[in-house]
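K.L.:
mmCIF, C-alpha atoms, saved as my_file31.cif, coming up:
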```
data_upload
loop_
_atom_site.label_atom_id
_atom_site.label_comp_id
_atom_site.auth_asym_id
_atom_site.auth_seq_id
_atom_site.Cartn_x
_atom_site.Cartn_y
_atom_site.Cartn_z
CA MET A 1 -0.51 -8.16 -11.61
CA GLY A 2 -0.39 -6.41 -14.96
CA ARG A 3 -1.84 -6.86 -18.43
CA TRP A 4 0.37 -9.85 -19.11
CA ARG A 5 -1.36 -11.70 -16.26
CA VAL A 6 -4.79 -11.03 -17.74
CA ASN A 7 -3.58 -12.38 -21.06
CA ALA A 8 -2.25 -15.49 -19.33
CA VAL A 9 -5.59 -16.15 -17.68
CA ILE A 10 -7.41 -15.66 -20.95
CA ALA A 11 -5.05 -18.12 -22.65
CA ALA A 12 -5.81 -20.68 -19.97
CA SER A 13 -9.55 -20.36 -20.62
CA GLY A 14 -9.43 -22.62 -23.65
CA THR A 15 -9.67 -20.01 -26.39
CA GLY A 16 -7.08 -19.99 -29.14
CA ARG A 17 -6.38 -20.87 -32.72
CA ARG A 18 -8.41 -24.08 -32.75
CA GLY A 19 -11.59 -22.39 -31.57
CA ALA A 20 -11.07 -19.44 -33.90
CA SER A 21 -10.76 -21.74 -36.92
CA ARG A 22 -14.24 -23.24 -36.40
CA PRO A 23 -16.64 -20.28 -36.10
CA ILE A 24 -19.57 -22.44 -37.19
CA ARG A 25 -19.46 -24.32 -33.85
CA LEU A 26 -19.59 -21.31 -31.55
CA GLY A 27 -23.19 -20.34 -30.76
CA LEU A 28 -24.10 -21.07 -27.13
CA LEU A 29 -20.61 -22.37 -26.34
CA GLY A 30 -19.08 -19.18 -27.68
CA ALA A 31 -21.42 -17.08 -25.59
CA VAL A 32 -20.48 -19.04 -22.47
CA VAL A 33 -16.77 -18.67 -23.20
CA LEU A 34 -17.21 -14.94 -23.78
CA LEU A 35 -19.02 -14.62 -20.46
CA VAL A 36 -16.26 -16.53 -18.68
CA LEU A 37 -13.64 -14.26 -20.24
CA THR A 38 -15.54 -11.15 -19.21
CA VAL A 39 -15.77 -12.33 -15.61
CA THR A 40 -12.11 -13.42 -15.66
CA ILE A 41 -10.96 -10.01 -16.78
CA ALA A 42 -13.09 -8.35 -14.10
CA LEU A 43 -11.62 -10.61 -11.44
CA PHE A 44 -7.98 -10.75 -12.31
CA ALA A 45 -7.11 -7.44 -13.93
CA ASP A 46 -5.02 -5.37 -11.54
CA SER A 47 -7.65 -2.68 -11.10
CA ARG A 48 -6.70 -1.18 -7.76
CA PRO A 49 -8.84 1.95 -7.40
CA ALA A 50 -7.20 5.34 -7.83
CA ALA A 51 -7.22 8.21 -5.35
CA ALA A 52 -9.34 10.28 -7.71
CA HIS A 53 -12.30 8.04 -6.83
CA GLY A 54 -11.79 8.39 -3.06
CA TRP A 55 -10.28 4.92 -2.60
CA VAL A 56 -7.45 4.68 -0.07
CA THR A 57 -5.58 1.85 1.67
CA SER A 58 -6.90 1.66 5.21
CA TRP A 59 -4.81 -1.41 6.13
CA SER A 60 -2.15 -3.47 4.40
CA ALA A 61 0.40 -6.22 4.96
CA SER A 62 3.23 -6.94 2.57
CA PRO A 63 3.08 -10.57 1.35
CA GLN A 64 5.94 -12.98 1.98
CA VAL A 65 6.94 -16.43 0.79
CA ALA A 66 6.12 -19.22 3.25
CA ALA A 67 8.77 -19.69 5.92
CA ARG A 68 9.99 -23.20 6.67
CA ASP A 69 8.43 -25.13 9.55
CA THR A 70 5.42 -22.83 9.86
CA LEU A 71 1.69 -23.09 9.27
CA ALA A 72 2.30 -21.19 6.03
CA ALA A 73 4.70 -23.87 4.78
CA ALA A 74 2.22 -26.66 5.57
CA GLY A 75 -0.71 -24.76 4.09
CA PHE A 76 -4.37 -25.47 4.76
CA ASP A 77 -7.03 -27.98 3.71
CA ASP A 78 -10.78 -27.51 4.29
CA GLN A 79 -10.09 -24.85 6.92
CA THR A 80 -10.97 -21.23 7.59
CA VAL A 81 -8.40 -18.58 8.40
CA ARG A 82 -9.58 -15.57 10.42
CA ASP A 83 -7.25 -12.56 10.13
CA ILE A 84 -7.71 -9.64 12.54
CA ILE A 85 -6.82 -6.31 10.92
CA PHE A 86 -6.85 -2.69 12.16
CA THR A 87 -8.25 0.15 10.07
CA SER A 88 -6.54 3.51 9.80
CA VAL A 89 -9.49 5.36 8.22
CA GLY A 90 -13.12 4.43 7.81
CA GLY A 91 -15.34 4.45 4.78
CA ASP A 92 -18.06 2.84 2.71
CA PRO A 93 -17.93 0.73 0.59
CA ILE A 94 -14.84 -1.38 1.15
CA ARG A 95 -12.85 -3.87 -0.93
CA LEU A 96 -10.46 -6.62 0.16
CA GLU A 97 -7.29 -7.65 -1.60
CA LEU A 98 -6.39 -11.35 -1.41
CA THR A 99 -2.98 -12.55 -2.49
CA ASN A 100 -1.44 -15.71 -3.90
CA VAL A 101 1.70 -13.99 -5.15
CA PHE A 102 3.97 -16.62 -3.61
CA GLY A 103 1.70 -19.59 -4.23
CA ALA A 104 3.00 -22.38 -6.45
CA SER A 105 -0.48 -23.37 -7.68
CA PRO A 106 -3.91 -21.76 -8.11
CA LEU A 107 -5.61 -20.97 -4.81
CA ARG A 108 -9.26 -21.98 -4.36
CA VAL A 109 -11.17 -19.65 -2.07
CA GLY A 110 -14.62 -20.90 -1.14
CA HIS A 111 -16.08 -18.16 1.04
CA VAL A 112 -14.91 -14.81 2.45
CA THR A 113 -16.55 -12.63 5.08
CA VAL A 114 -15.68 -9.41 6.89
CA ALA A 115 -17.01 -8.49 10.33
CA VAL A 116 -16.25 -6.36 13.35
CA ALA A 117 -13.86 -8.33 15.51
CA GLY A 118 -14.92 -9.37 18.99
CA PRO A 119 -12.88 -10.96 21.76
CA GLY A 120 -10.46 -13.68 20.65
CA ALA A 121 -11.63 -15.31 17.44
CA ALA A 122 -15.25 -14.19 17.88
CA VAL A 123 -16.93 -11.45 15.85
CA LEU A 124 -19.79 -9.18 16.78
CA PRO A 125 -23.11 -10.84 15.81
CA GLY A 126 -24.98 -8.97 13.12
CA THR A 127 -21.84 -7.46 11.57
CA ILE A 128 -20.88 -10.32 9.23
CA HIS A 129 -20.90 -9.45 5.53
CA SER A 130 -20.12 -11.85 2.69
CA VAL A 131 -17.53 -10.77 0.14
CA THR A 132 -17.87 -11.55 -3.56
CA PHE A 133 -15.55 -11.62 -6.54
CA GLY A 134 -17.14 -10.85 -9.88
CA GLY A 135 -20.50 -11.58 -8.26
CA SER A 136 -19.45 -15.00 -6.98
CA GLY A 137 -18.83 -16.05 -3.40
CA SER A 138 -15.94 -18.27 -4.48
CA VAL A 139 -12.92 -17.59 -6.65
CA GLN A 140 -9.69 -19.15 -7.88
CA ILE A 141 -6.57 -16.99 -7.72
CA PRO A 142 -3.76 -17.98 -10.12
CA ALA A 143 -0.29 -18.63 -8.74
CA GLY A 144 1.63 -15.37 -8.58
CA ALA A 145 -1.51 -13.23 -8.65
CA ARG A 146 -3.62 -11.11 -6.36
CA ILE A 147 -7.29 -10.24 -6.60
CA LEU A 148 -9.53 -7.38 -5.54
CA SER A 149 -13.03 -8.12 -4.27
CA ASP A 150 -16.22 -6.48 -5.39
CA PRO A 151 -17.19 -3.44 -3.30
CA VAL A 152 -18.89 -4.48 -0.06
CA ALA A 153 -21.64 -2.11 1.07
CA VAL A 154 -20.60 -1.79 4.69
CA ARG A 155 -19.32 1.20 6.61
CA VAL A 156 -16.19 0.57 8.66
CA SER A 157 -14.97 2.97 11.31
CA PRO A 158 -11.47 4.36 11.70
CA LEU A 159 -9.21 2.64 14.23
CA GLU A 160 -11.41 -0.47 14.29
CA ASP A 161 -10.46 -4.14 14.48
CA LEU A 162 -12.06 -6.19 11.70
CA ALA A 163 -12.07 -9.96 11.20
CA VAL A 164 -11.57 -11.19 7.65
CA SER A 165 -12.38 -14.89 7.34
CA VAL A 166 -11.21 -16.91 4.34
CA TYR A 167 -12.47 -20.46 3.79
CA LEU A 168 -10.05 -22.70 1.86
CA PRO A 169 -11.97 -25.77 0.62
CA GLY A 170 -8.99 -27.79 -0.65
CA ARG A 171 -5.28 -28.25 -0.16
CA THR A 172 -3.61 -24.90 -0.63
CA GLY A 173 0.04 -25.83 -0.72
CA ALA A 174 2.43 -23.33 0.84
CA ALA A 175 0.58 -20.16 1.75
CA THR A 176 1.39 -16.55 0.96
CA PHE A 177 1.50 -14.88 4.35
CA HIS A 178 2.84 -12.02 6.44
CA ALA A 179 5.04 -13.42 9.17
CA ASP A 180 5.03 -10.85 11.98
CA ALA A 181 1.48 -9.68 12.47
CA GLN A 182 1.88 -8.53 16.10
CA GLN A 183 -1.67 -9.81 16.29
CA VAL A 184 -3.26 -13.12 17.30
CA ASN A 185 -5.11 -14.56 14.31
CA TRP A 186 -6.93 -17.88 14.05
CA VAL A 187 -7.20 -21.07 12.04
CA SER A 188 -10.27 -23.28 12.30
CA ALA A 189 -10.94 -26.97 12.54
CA ALA A 190 -12.28 -28.55 9.34
CA GLY A 191 -15.05 -26.76 7.48
CA ASP A 192 -16.38 -23.43 6.32
CA HIS A 193 -16.59 -21.23 9.41
CA ALA A 194 -16.35 -17.86 7.68
CA ALA A 195 -19.87 -16.95 8.82
CA ASP A 196 -19.42 -18.16 12.42
CA SER A 197 -19.81 -15.37 14.96
CA ASP A 198 -18.54 -17.48 17.85
CA ALA A 199 -14.96 -18.63 18.34
CA GLY A 200 -15.66 -22.31 18.98
CA GLU A 201 -14.25 -23.78 15.78
CA PHE A 202 -11.20 -21.52 15.65
CA THR A 203 -8.83 -23.72 17.57
CA THR A 204 -5.35 -22.68 16.43
CA PRO A 205 -3.88 -19.25 17.23
CA THR A 206 -1.19 -17.82 14.98
CA LEU A 207 0.84 -14.61 14.96
CA SER A 208 0.83 -14.34 11.15
CA TRP A 209 -1.66 -13.09 8.56
CA TYR A 210 -2.60 -15.34 5.64
CA TYR A 211 -3.80 -14.43 2.13
CA VAL A 212 -5.20 -10.99 3.03
CA SER A 213 -2.94 -8.15 1.90
CA GLY A 214 -5.13 -5.06 1.78
CA LEU A 215 -8.29 -3.30 2.95
CA ILE A 216 -9.31 -0.53 0.58
CA VAL A 217 -12.06 1.90 1.51
CA GLN A 218 -13.86 4.70 -0.23
CA SER A 219 -13.40 7.57 2.19
CA SER A 220 -14.69 11.11 2.12
CA ASP A 221 -12.38 12.01 5.02
CA ALA A 222 -9.00 10.93 3.61
CA ASP A 223 -7.11 12.91 0.99
CA GLY A 224 -4.87 9.96 0.20
CA THR A 225 -2.62 7.25 1.60
CA VAL A 226 0.77 7.53 3.28
CA VAL A 227 2.79 4.33 2.89
CA ALA A 228 5.25 3.32 5.62
CA LEU A 229 7.89 1.19 3.90
CA GLY A 230 10.31 -0.48 6.25
CA ASP A 231 11.63 -3.46 8.15
CA SER A 232 10.72 -5.02 11.50
CA ILE A 233 10.66 -1.64 13.24
CA THR A 234 7.89 -0.49 10.89
CA ASP A 235 6.29 -3.95 11.26
CA GLY A 236 6.06 -3.30 15.01
CA VAL A 237 8.31 -6.07 16.34
CA GLY A 238 8.68 -5.54 20.08
CA SER A 239 5.20 -4.06 20.49
CA THR A 240 2.40 -5.72 22.44
CA ALA A 241 0.55 -8.29 20.33
CA GLY A 242 -3.04 -7.27 19.75
CA ALA A 243 -2.54 -3.68 20.96
CA ASP A 244 -2.11 -2.16 17.47
CA ALA A 245 0.91 -0.33 18.87
CA ARG A 246 3.13 -0.15 15.76
CA TRP A 247 4.30 3.36 14.93
CA PRO A 248 2.15 3.49 11.75
CA ASN A 249 -0.90 2.71 13.95
CA ASP A 250 0.05 5.53 16.29
CA LEU A 251 0.49 7.83 13.30
CA ALA A 252 -3.02 6.85 12.15
CA ARG A 253 -4.38 7.81 15.57
CA ARG A 254 -2.71 11.22 15.36
CA LEU A 255 -4.11 11.78 11.89
CA ASP A 256 -7.57 10.64 12.94
CA ALA A 257 -7.60 13.26 15.71
CA LEU A 258 -7.31 16.09 13.18
CA ALA A 259 -10.40 18.18 12.58
CA GLY A 260 -9.95 18.37 8.82
CA PRO A 261 -8.98 15.97 6.02
CA THR A 262 -6.68 13.14 6.98
CA LEU A 263 -4.60 10.38 5.40
CA ALA A 264 -4.93 6.62 5.44
CA VAL A 265 -1.81 4.77 6.61
CA ALA A 266 -0.55 1.61 4.89
CA ASP A 267 2.03 -0.36 6.91
CA GLU A 268 4.40 -2.12 4.50
CA GLY A 269 7.03 -3.24 6.99
CA ILE A 270 8.62 -6.70 6.83
CA GLY A 271 10.83 -8.13 9.55
CA GLY A 272 14.47 -8.37 8.44
CA ASN A 273 13.82 -6.47 5.23
CA ARG A 274 16.66 -4.74 3.39
CA VAL A 275 16.96 -2.02 0.78
CA LEU A 276 19.26 -3.98 -1.51
CA THR A 277 18.83 -7.72 -0.95
CA GLY A 278 15.86 -10.03 -0.60
CA ALA A 279 15.78 -13.17 1.52
CA ARG A 280 13.33 -16.01 2.08
CA CYS A 281 12.99 -15.08 5.73
CA CYS A 282 12.62 -11.40 5.18
CA GLY A 283 10.80 -10.56 1.98
CA ALA A 284 11.81 -9.13 -1.36
CA SER A 285 14.16 -6.17 -1.12
CA ALA A 286 12.71 -2.68 -0.82
CA GLU A 287 13.90 -2.01 -4.36
CA ALA A 288 12.11 -5.09 -5.69
CA ARG A 289 8.82 -4.61 -3.84
CA PHE A 290 8.60 -0.83 -4.08
CA GLY A 291 6.18 -0.86 -6.99
CA ARG A 292 3.74 -3.37 -5.50
CA ASP A 293 3.91 -2.28 -1.88
CA ALA A 294 4.27 1.49 -2.24
CA LEU A 295 3.72 3.01 -5.67
CA ASP A 296 0.61 0.96 -6.49
CA GLN A 297 -1.24 1.49 -3.20
CA PRO A 298 -4.65 3.06 -3.81
CA GLY A 299 -4.59 6.76 -3.04
CA VAL A 300 -0.85 6.91 -2.37
CA ARG A 301 0.54 10.41 -2.15
CA ASP A 302 3.35 10.12 0.42
CA ILE A 303 5.90 7.41 1.25
CA ILE A 304 8.03 7.17 4.39
CA VAL A 305 11.15 5.02 4.07
CA LEU A 306 12.79 3.53 7.19
CA GLU A 307 15.15 0.89 5.83
CA GLY A 308 18.85 0.14 5.92
CA ILE A 309 19.72 -1.16 9.36
CA ASN A 310 19.47 -4.78 8.16
CA ASP A 311 21.62 -4.03 5.11
CA ILE A 312 24.23 -2.92 7.63
CA GLY A 313 23.75 -5.64 10.25
CA PHE A 314 23.35 -8.68 8.01
CA SER A 315 26.12 -7.75 5.56
CA LEU A 316 29.02 -8.20 8.01
CA GLY A 317 30.62 -5.09 6.55
CA ASP A 318 30.15 -6.01 2.90
CA VAL A 319 27.57 -3.27 2.19
CA SER A 320 28.73 0.33 2.11
CA ALA A 321 26.84 3.52 2.80
CA ALA A 322 27.28 4.45 -0.86
CA GLN A 323 25.50 1.27 -1.97
CA VAL A 324 22.52 1.84 0.33
CA ILE A 325 22.37 5.49 -0.76
CA ALA A 326 22.22 4.33 -4.38
CA GLY A 327 19.25 2.18 -3.37
CA TYR A 328 17.59 5.16 -1.70
CA ARG A 329 18.11 7.20 -4.86
CA GLN A 330 16.34 4.53 -6.92
CA LEU A 331 13.30 4.65 -4.63
CA ILE A 332 13.29 8.45 -4.72
CA ALA A 333 13.48 8.53 -8.52
CA GLN A 334 10.62 6.05 -8.87
CA ALA A 335 8.43 7.99 -6.44
CA HIS A 336 9.13 11.30 -8.14
CA ALA A 337 8.39 9.78 -11.54
CA ARG A 338 4.89 9.09 -10.22
CA GLY A 339 4.54 12.59 -8.78
CA LEU A 340 4.71 11.28 -5.20
CA ARG A 341 6.51 12.70 -2.19
CA ILE A 342 8.97 10.48 -0.37
CA PHE A 343 10.37 11.12 3.09
CA GLY A 344 13.54 9.64 4.55
CA ALA A 345 13.70 8.47 8.17
CA THR A 346 17.01 8.24 9.99
CA LEU A 347 18.09 4.84 11.31
CA LEU A 348 17.71 4.15 15.02
CA PRO A 349 20.72 3.42 17.27
CA PHE A 350 21.51 -0.27 17.62
CA GLN A 351 24.53 -0.71 19.89
CA GLY A 352 23.95 -3.86 21.95
CA ALA A 353 21.91 -5.56 19.23
CA GLY A 354 23.10 -8.99 18.11
CA TYR A 355 24.59 -7.82 14.82
CA TYR A 356 26.10 -4.54 16.01
CA THR A 357 29.68 -3.75 14.99
CA ALA A 358 31.74 -0.57 15.12
CA ALA A 359 32.01 -0.65 11.33
CA GLY A 360 28.25 -0.99 11.04
CA GLU A 361 27.81 1.98 13.36
CA ALA A 362 30.03 4.09 11.10
CA THR A 363 27.85 3.12 8.13
CA ARG A 364 24.66 3.99 10.02
CA GLU A 365 26.04 7.42 10.91
CA ALA A 366 27.07 8.03 7.30
CA LEU A 367 23.58 7.10 6.09
CA ASN A 368 21.91 9.32 8.66
CA THR A 369 24.12 12.25 7.71
CA TRP A 370 23.20 11.78 4.05
CA ILE A 371 19.47 11.49 4.83
CA ARG A 372 19.60 14.69 6.90
CA THR A 373 21.75 16.81 4.60
CA SER A 374 21.52 15.63 0.99
CA GLY A 375 18.13 17.15 0.20
CA ALA A 376 17.36 14.07 -1.91
CA PHE A 377 14.24 13.18 0.05
CA ASP A 378 11.28 15.55 0.13
CA GLY A 379 11.58 15.74 3.89
CA VAL A 380 13.34 14.12 6.84
CA ILE A 381 11.95 12.34 9.91
CA ASP A 382 14.74 12.20 12.47
CA PHE A 383 13.87 9.05 14.40
CA ASP A 384 17.48 8.72 15.53
CA ALA A 385 17.38 12.05 17.36
CA VAL A 386 14.17 11.10 19.17
CA MET A 387 15.02 7.50 20.05
CA ARG A 388 18.67 7.63 21.13
CA ASP A 389 19.75 7.55 24.75
CA PRO A 390 20.74 11.11 25.77
CA ALA A 391 23.48 9.62 27.95
CA ASP A 392 24.77 7.24 25.24
CA PRO A 393 23.67 8.26 21.72
CA LEU A 394 24.79 4.96 20.18
CA ARG A 395 22.08 3.12 22.12
CA LEU A 396 18.30 3.21 22.18
CA ASN A 397 16.85 5.20 25.04
CA PRO A 398 16.18 2.60 27.77
CA ALA A 399 12.70 4.08 28.19
CA TYR A 400 11.91 3.01 24.62
CA ASP A 401 13.86 -0.27 24.36
CA SER A 402 11.86 -3.50 24.06
CA GLY A 403 14.88 -5.32 25.47
CA ASP A 404 16.87 -6.37 22.40
CA HIS A 405 18.47 -2.92 21.88
CA LEU A 406 17.12 -2.81 18.34
CA HIS A 407 13.32 -2.70 18.48
CA PRO A 408 11.32 -0.12 20.42
CA ASP A 409 8.54 -1.00 22.84
CA ASP A 410 5.03 0.47 22.75
CA ALA A 411 6.20 3.77 24.26
CA GLY A 412 9.03 3.93 21.75
CA TYR A 413 6.72 3.42 18.79
CA GLN A 414 4.45 6.16 20.13
CA ALA A 415 7.47 8.48 20.39
CA MET A 416 8.36 7.68 16.77
CA ALA A 417 4.85 8.53 15.59
CA ASN A 418 4.93 11.74 17.62
CA ALA A 419 8.17 12.74 15.86
CA ILE A 420 6.48 12.89 12.46
CA SER A 421 5.39 16.36 11.41
CA LEU A 422 1.73 16.27 10.44
CA GLN A 423 2.21 19.59 8.70
CA MET A 424 4.81 17.90 6.49
CA LEU A 425 2.26 15.25 5.52
CA LEU A 426 -0.72 17.61 5.44
CA PRO A 427 0.51 21.17 5.00
CA GLU A 428 -2.99 22.50 5.53
CA SER A 429 -3.35 20.77 8.94
CA PRO A 430 -3.39 22.87 12.14
#
```
Output the file's structure as structure tokens, nothing else.

P.N.:
Amino acid sequence: MGRWRVNAVIAASGTGRRGASRPIRLGLLGAVVLLVLTVTIALFADSRPAAAHGWVTSWSASPQVAARDTLAAAGFDDQTVRDIIFTSVGGDPIRLELTNVFGASPLRVGHVTVAVAGPGAAVLPGTIHSVTFGGSGSVQIPAGARILSDPVAVRVSPLEDLAVSVYLPGRTGAATFHADAQQVNWVSAAGDHAADSDAGEFTTPTLSWYYVSGLIVQSSDADGTVVALGDSITDGVGSTAGADARWPNDLARRLDALAGPTLAVADEGIGGNRVLTGARCCGASAEARFGRDALDQPGVRDIIVLEGINDIGFSLGDVSAAQVIAGYRQLIAQAHARGLRIFGATLLPFQGAGYYTAAGEATREALNTWIRTSGAFDGVIDFDAVMRDPADPLRLNPAYDSGDHLHPDDAGYQAMANAISLQMLLPESP
């Protein structure tokens, strides 16, 4: 949310020409209004911390509009959502980003906590910390906005599961969510259960995340953030739920094992996502969400792009390689304008997948040739070469196939992470 959003919130606070024309009646009321405005600006200005201050994105999930016939579409009322998230790097303090970017009305948040996740919906006793916003335990997030919490004085470890609990005291309407979490999350029975350490009141499991879109940490170990921008393959579809087995997670493990400085990893994959076209099921296009999900991530220095297979598969031949390449070039230009490096990943084989066609295969091969040879990206990650079947290069290697001939399994995602040159990301690494 930019400066225009701050102005909109200020305008909604009741200040304006009428108040300005009657200065004699300000006094205490004016002081209260001024205090409200000060807190409002602190809460709703888009003040994501910069890398220069050591803030990086340890975890993220790209927000999506509520899908039909889901918990997100129904929304919540006097319930607590407990999202389980996985850190890439540790640090202290931390901040949480909550999102209402696809909400149709202001979102009332009554209580937020963060804790070390335990089994199921439980958390480890003694690890629960309350989260505040402008010094308050509750906050209202305008429709279309996101908000960053105050710093929370707690040290989180790298590669750790955390539970973020959000109590929603009233009817929310359709919820901003992330559909494919590859993680079991929880919704409670009625009431504020954000501070519950046991799982008793969390009665409804869900495989989506709600309202939480980022964990930002101040880290002395991370030199910045690498953003993985992609579709369902980056989102980890086909991996084991709860195993944190997406390829960005495996990349985070490799980076964490380094002796020297490392990078945080922000997973900005959305199932069904495309470079050129957005869809209700599958998020805004990569072009449309690139600023929010990649360029604006705290500490971002590198971006990995693995997108295009859905442009091919869903288009039924109506999207050409030249059109997708033009989309790639837009992303590259925007990244370079910010002084960021951007790496292109080749598209995995997909023969046997539901939307495979011979024409689509020709487009995939043309895109991969351009990614490898054009020099437009700052570097290339050749996932295709690693993941294809040596006996039939148009298909995924059966050892890495989750079964749908499109998405890898856990071993496949590990192979993808292993294919990424750490020296490309961190030239000074061993």

K.L.:
So, with all atoms listed in the file as the atoms that count, which of A:Trp209, A:Phe133, A:Phe202, A:Phe290 lies closest to Val187 of chain A?

P.N.:
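Result for the nearest residue to Val187 of chain A: A:Phe202.
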
K.L.:
Quick one: of A:Phe86, A:Phe350, A:Tyr413, A:Phe343, who's nearest to Ala228 of chain A, counting all atoms listed in the file?

P.N.:
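Of A:Phe86, A:Phe350, A:Tyr413, A:Phe343, the one nearest Ala228 of chain A, counting all atoms listed in the file, is A:Phe343.
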
K.L.:
Env of segment 143-157 of chain A: 6 Å cut, atoms = all atoms listed in the file, seq-sep filter 3 positions within chain, self excluded. Answer as a list in words.

P.N.:
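Contacts, in chain order: Met1, Phe44, Gly90, Gly91, Asp92, Pro93, Ile94, Arg95, Leu96, Glu97, Leu98, Thr99, Asn100, Val101, Phe102, Gly103, Ala104, Ser105, Pro106, Thr132, Phe133 and Glu160 of chain A.
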
K.L.:
Do you know which residues the PyMOL selection byres ((chain A and resi 387) around 7) returns on this file, as a list of chain:residue names?

P.N.:
A:Leu348, A:Phe383, A:Asp384, A:Ala385, A:Val386, A:Arg388, A:Asp389, A:Leu396, A:Asn397

K.L.:
Can I get the selection written as an mmCIF file, in the frame of the given file, with C-alpha atoms?

P.N.:
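result16.cif, written as the output of this step:
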```cif
data_model
loop_
_atom_site.group_PDB
_atom_site.id
_atom_site.type_symbol
_atom_site.label_atom_id
_atom_site.label_comp_id
_atom_site.auth_asym_id
_atom_site.auth_seq_id
_atom_site.Cartn_x
_atom_site.Cartn_y
_atom_site.Cartn_z
ATOM 1 C CA LEU A 348 17.710 4.150 15.020
ATOM 2 C CA PHE A 383 13.870 9.050 14.400
ATOM 3 C CA ASP A 384 17.480 8.720 15.530
ATOM 4 C CA ALA A 385 17.380 12.050 17.360
ATOM 5 C CA VAL A 386 14.170 11.100 19.170
ATOM 6 C CA ARG A 388 18.670 7.630 21.130
ATOM 7 C CA ASP A 389 19.750 7.550 24.750
ATOM 8 C CA LEU A 396 18.300 3.210 22.180
ATOM 9 C CA ASN A 397 16.850 5.200 25.040
#
```

K.L.:
Would you compute the distance between atom CA of Trp186 of chain A and atom CA of Gly200 of chain A? Give it in Å to one decimal.

P.N.:
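Separation between atom CA of Trp186 of chain A and atom CA of Gly200 of chain A: 11.0 Å.
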
K.L.:
Please evaluate the PyMOL selection byres ((chain A and resi 311) around 10) against the displayed coordinates and give the resulting residues as a PyMOL selection string.

P.N.:
chain A and resi 272-277+285+307-310+312-321+323-324+360+363-364

K.L.:
Residues near segment 262-266 of chain A, anyone? I mean within 7 Å using all atoms listed in the file, not counting same-chain ones fewer than 4 positions away, as a tab-separated table (two decimals) with C-alpha atoms, keeping the file's coordinate frame.

P.N.:
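Result went into around_7.tsv, see below:
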```
chain	number	residue	atom	x	y	z
A	56	VAL	CA	-7.45	4.68	-0.07
A	57	THR	CA	-5.58	1.85	1.67
A	58	SER	CA	-6.90	1.66	5.21
A	59	TRP	CA	-4.81	-1.41	6.13
A	60	SER	CA	-2.15	-3.47	4.40
A	88	SER	CA	-6.54	3.51	9.80
A	89	VAL	CA	-9.49	5.36	8.22
A	221	ASP	CA	-12.38	12.01	5.02
A	222	ALA	CA	-9.00	10.93	3.61
A	223	ASP	CA	-7.11	12.91	0.99
A	224	GLY	CA	-4.87	9.96	0.20
A	225	THR	CA	-2.62	7.25	1.60
A	226	VAL	CA	0.77	7.53	3.28
A	227	VAL	CA	2.79	4.33	2.89
A	228	ALA	CA	5.25	3.32	5.62
A	248	PRO	CA	2.15	3.49	11.75
A	252	ALA	CA	-3.02	6.85	12.15
A	255	LEU	CA	-4.11	11.78	11.89
A	256	ASP	CA	-7.57	10.64	12.94
A	258	LEU	CA	-7.31	16.09	13.18
```

K.L.:
Name every residue that the PyMOL selection byres ((chain A and resi 137) around 12) selects in this structure, writing the answer as an mmCIF file with C-alpha atoms, in the frame of the given file with chains first and numbers rising.

P.N.:
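The file below, result-v4.cif, is the result:
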```cif
data_model
loop_
_atom_site.group_PDB
_atom_site.id
_atom_site.type_symbol
_atom_site.label_atom_id
_atom_site.label_comp_id
_atom_site.auth_asym_id
_atom_site.auth_seq_id
_atom_site.Cartn_x
_atom_site.Cartn_y
_atom_site.Cartn_z
ATOM 1 C CA ARG A 108 -9.260 -21.980 -4.360
ATOM 2 C CA VAL A 109 -11.170 -19.650 -2.070
ATOM 3 C CA GLY A 110 -14.620 -20.900 -1.140
ATOM 4 C CA HIS A 111 -16.080 -18.160 1.040
ATOM 5 C CA VAL A 112 -14.910 -14.810 2.450
ATOM 6 C CA THR A 113 -16.550 -12.630 5.080
ATOM 7 C CA HIS A 129 -20.900 -9.450 5.530
ATOM 8 C CA SER A 130 -20.120 -11.850 2.690
ATOM 9 C CA VAL A 131 -17.530 -10.770 0.140
ATOM 10 C CA THR A 132 -17.870 -11.550 -3.560
ATOM 11 C CA PHE A 133 -15.550 -11.620 -6.540
ATOM 12 C CA GLY A 134 -17.140 -10.850 -9.880
ATOM 13 C CA GLY A 135 -20.500 -11.580 -8.260
ATOM 14 C CA SER A 136 -19.450 -15.000 -6.980
ATOM 15 C CA SER A 138 -15.940 -18.270 -4.480
ATOM 16 C CA VAL A 139 -12.920 -17.590 -6.650
ATOM 17 C CA GLN A 140 -9.690 -19.150 -7.880
ATOM 18 C CA SER A 149 -13.030 -8.120 -4.270
ATOM 19 C CA ASP A 150 -16.220 -6.480 -5.390
ATOM 20 C CA VAL A 166 -11.210 -16.910 4.340
ATOM 21 C CA TYR A 167 -12.470 -20.460 3.790
ATOM 22 C CA ALA A 194 -16.350 -17.860 7.680
#
```

K.L.:
Identify which of the residues A:Val380, A:Leu406, A:Ala245, A:Val305 lies closest to Gln351 of chain A, counting all atoms listed in the file when measuring atom-to-atom distances.

P.N.:
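Going through A:Val380, A:Leu406, A:Ala245, A:Val305 one by one, the smallest distance to Gln351 of chain A is for A:Leu406.
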
K.L.:
Report, in Å with one decimal, the straight-line distance from atom CA of Val237 of chain A to atom CA of Ala121 of chain A.

P.N.:
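Between atom CA of Val237 of chain A and atom CA of Ala121 of chain A the gap works out to 22.0 Å.
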
K.L.:
To one decimal place in Å, what is the distance between atom CA of Thr70 of chain A and atom CA of Ala175 of chain A?

P.N.:
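According to the coordinates, atom CA of Thr70 of chain A and atom CA of Ala175 of chain A are separated by 9.8 Å.
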